[in-house]
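What follows is a short report on a single structure.
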Amino acid sequence: MAPKDPLLGTLKVCVLNLQTDGPTVTDTSPYLASCCELLELVLRKGLQQPVLSLVHRDYWHCFEQLLHQDTCGRLSALSLAVEQARVCKKLLSAQGRGRYLLRLALGRKVLPQIFTHLLHTPRVLEWYSPALAILRNEESVEPFMSLLLVLSNMEFKLDMENCSFLDESWLLPVCEVYEVVPCREVGLVLRYLSGRVFILDLLPGSQAYVDKFVYPGDIIDEINRTSMRNSKSGHAGVVLSRLKGCPLSIRVIRWRAHDGTVYRPLIKLLRALRAENPTLELNPVPSQQSDSQNQKPASTQCLKDGRIVYIVQFLGKANIGMFGGKEVLQHAIPQVLQQNQPSQEVLLDMKETHLTCTDRHSKLELFVLHYPEISCVGRYARPDYTTFAFCVADSPETPQTTGFCCVVLRASSVKECEDIVCRIAAGFKHTEWFV
């Protein structure tokens, strides 16, 4: 039977578009938000408000009541989804919880079952107007349930943790996780505004400043699974102080949307933030991935997983005795160079907790070093300040040697050499809590 309500015709087109978009629907699908919004409109159409009540009734309240009114005894999927939405600390409104529930139902393929419970529960269905509601119109219910069955046969892979803005919008922000090594201070200057924890600035020399992962205007959504939604002033600082010296996993909401524009639900808040702080500068490229896409790397660099990796020459290494302080470098580097070991073109990849050195051509991994293993790092003045080295304790796999080993490499320019040395130094400075 052809759908009688225009909403159902639009929903049918949207479902067909989702089907042609690929085998798996993710949050980046251009049709997902429209599909969810249409489902929401169907649920709200004809929903009557209670008399003499200060609470605005929404479809979330219908699902809540199903747990008390439906007597079929097969509510496990619904009750689990409702409970998960109810306890989610990132959601503050009935609208947000209802939207979260719909996303859960899509991912778990239980949307038809949930609506079937609703249609078979007269005490809840009577909240809908017989003259207006699609759910009370027999000619409309059949095609609507057919569309729900189509949706239940599709694969949805949705990020359920990205839900802090469902109270305001179906449009989801870019959400990324910032993994921070144990350090003395992360170095974030925060501003609490409308229950959100904004990053206002990064302290020079801090871990966040060195990592260049978060930017002013971004929002802290979670710290080690603790929600920052609706936080009071100082809450994030208290959580960070408790976790001092521990690895951090910070979920960050970007101020810029997937299409590169300002995320719409944040426009008013960012204006207010700028009115308070006229010097606030929103970085034009708020993620390392975007930075890598927009800036063409130099020929002495390449990209790996969105990070810039340096192409350098590995000149060799040698055991230098029992001392690995910075004062030995001026003697250790010439000692390695005098051996005239064959040089290799390698990829030096400096991550948050460690660095790796890989042969550029054979892809053979030469060594992996965590920053606390590095005792010192520095440049060599001769001939042109492009040679640098660091000392590490000899590997336990080579018991015939003892003490420290000096590893020598050459960068393509003075500036690049200085950048590498600074990043290594910052790495073992900020990971000192590992020791």
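Naming works like this for the structure tokens: A, B, ... for the chains as they're shown, residue 1 at the start of each chain, ligands 1 onward in shown order.
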
Quick one: everything within 12 Å of A:Ala393, counting only C-alpha atoms, minus sequence neighbours fewer than 4 positions away in the same chain. Send it as an NGL selection string.
:A and (318-325 or 369-376 or 397-399 or 401-407)

Please produce an output containing C-alpha atoms for each residue in the selection, written as a CSV table (one decimal), in the first residue's frame.
chain,number,residue,atom,x,y,z
A,318,ALA,CA,78.2,2.5,19.4
A,319,ASN,CA,78.6,1.6,23.0
A,320,ILE,CA,80.1,4.6,24.9
A,321,GLY,CA,80.5,3.2,28.4
A,322,MET,CA,78.8,3.6,31.7
A,323,PHE,CA,77.9,7.2,31.5
A,324,GLY,CA,75.0,8.6,29.4
A,325,GLY,CA,74.8,12.2,30.4
A,369,LEU,CA,62.5,3.6,22.1
A,370,HIS,CA,60.2,4.9,24.8
A,371,TYR,CA,61.2,8.4,25.9
A,372,PRO,CA,62.2,7.5,29.4
A,373,GLU,CA,64.9,5.2,27.9
A,374,ILE,CA,66.6,8.2,26.4
A,375,SER,CA,69.1,9.7,28.8
A,376,CYS,CA,70.1,12.8,26.7
A,397,GLU,CA,69.0,-8.5,24.5
A,398,THR,CA,72.8,-7.9,24.1
A,399,PRO,CA,74.2,-8.9,27.5
A,401,THR,CA,77.6,-5.0,26.2
A,402,THR,CA,77.0,-2.8,29.2
A,403,GLY,CA,76.3,0.9,29.8
A,404,PHE,CA,75.0,3.3,27.3
A,405,CYS,CA,74.8,3.4,23.5
A,406,CYS,CA,75.0,6.6,21.3
A,407,VAL,CA,72.7,6.7,18.3

Against stretch 146-152 of chain A, which residues of stretch 89-126 of chain A fall within 12 Å? For each one I want the closest pair of atoms and the distance in Å (one decimal), counting only C-alpha atoms, rows by chain and increasing residue number, as JSON lines.
{"residue": "A:Leu102", "atom": "CA", "partner": "A:Leu148", "partner_atom": "CA", "distance": 11.6}
{"residue": "A:Arg103", "atom": "CA", "partner": "A:Leu151", "partner_atom": "CA", "distance": 11.6}
{"residue": "A:Leu104", "atom": "CA", "partner": "A:Ser152", "partner_atom": "CA", "distance": 11.6}
{"residue": "A:Ala105", "atom": "CA", "partner": "A:Ser152", "partner_atom": "CA", "distance": 8.7}
{"residue": "A:Leu106", "atom": "CA", "partner": "A:Ser152", "partner_atom": "CA", "distance": 6.7}
{"residue": "A:Gly107", "atom": "CA", "partner": "A:Ser152", "partner_atom": "CA", "distance": 8.5}
{"residue": "A:Arg108", "atom": "CA", "partner": "A:Ser152", "partner_atom": "CA", "distance": 8.2}
{"residue": "A:Lys109", "atom": "CA", "partner": "A:Ser152", "partner_atom": "CA", "distance": 4.5}
{"residue": "A:Val110", "atom": "CA", "partner": "A:Ser152", "partner_atom": "CA", "distance": 6.6}
{"residue": "A:Leu111", "atom": "CA", "partner": "A:Leu148", "partner_atom": "CA", "distance": 6.4}
{"residue": "A:Pro112", "atom": "CA", "partner": "A:Leu148", "partner_atom": "CA", "distance": 5.5}
{"residue": "A:Gln113", "atom": "CA", "partner": "A:Leu148", "partner_atom": "CA", "distance": 9.3}
{"residue": "A:Ile114", "atom": "CA", "partner": "A:Leu148", "partner_atom": "CA", "distance": 10.2}
{"residue": "A:Phe115", "atom": "CA", "partner": "A:Leu148", "partner_atom": "CA", "distance": 8.8}
{"residue": "A:Thr116", "atom": "CA", "partner": "A:Leu148", "partner_atom": "CA", "distance": 10.4}

Could the residues in this selection be written to a file with C-alpha atoms, as a compact mmCIF listing (two decimals), in the first residue's frame?
# COMPACT_ATOMS: atom_id res chain seq x y z
CA LEU A 102 16.70 5.90 18.47
CA ARG A 103 20.42 5.68 17.64
CA LEU A 104 20.80 2.72 19.99
CA ALA A 105 17.84 0.98 18.35
CA LEU A 106 19.32 1.50 14.87
CA GLY A 107 22.66 0.07 15.93
CA ARG A 108 21.08 -2.93 17.70
CA LYS A 109 18.53 -3.60 14.91
CA VAL A 110 15.60 -3.45 17.33
CA LEU A 111 13.69 -0.45 15.95
CA PRO A 112 10.71 -2.52 14.65
CA GLN A 113 10.36 -4.33 18.01
CA ILE A 114 10.30 -1.05 19.93
CA PHE A 115 7.58 0.41 17.73
CA THR A 116 5.62 -2.85 17.89

Mind the document's chain letters and residue numbers, and return as a count of residues only the residues of stretch 353-422 of chain A that DSSP labels strand (DSSP E).
33

Go through A:Arg271, A:Gln207, A:Leu172, A:Pro216 and flag the residue nearest A:Asp159, using only C-alpha atoms for the distances.
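Selected residue with least distance to A:Asp159: A:Leu172.
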
Report the distance between atom CA of A:Val180 and atom CA of A:Leu248 in Å, rounded to one decimal place.
4.9 Å
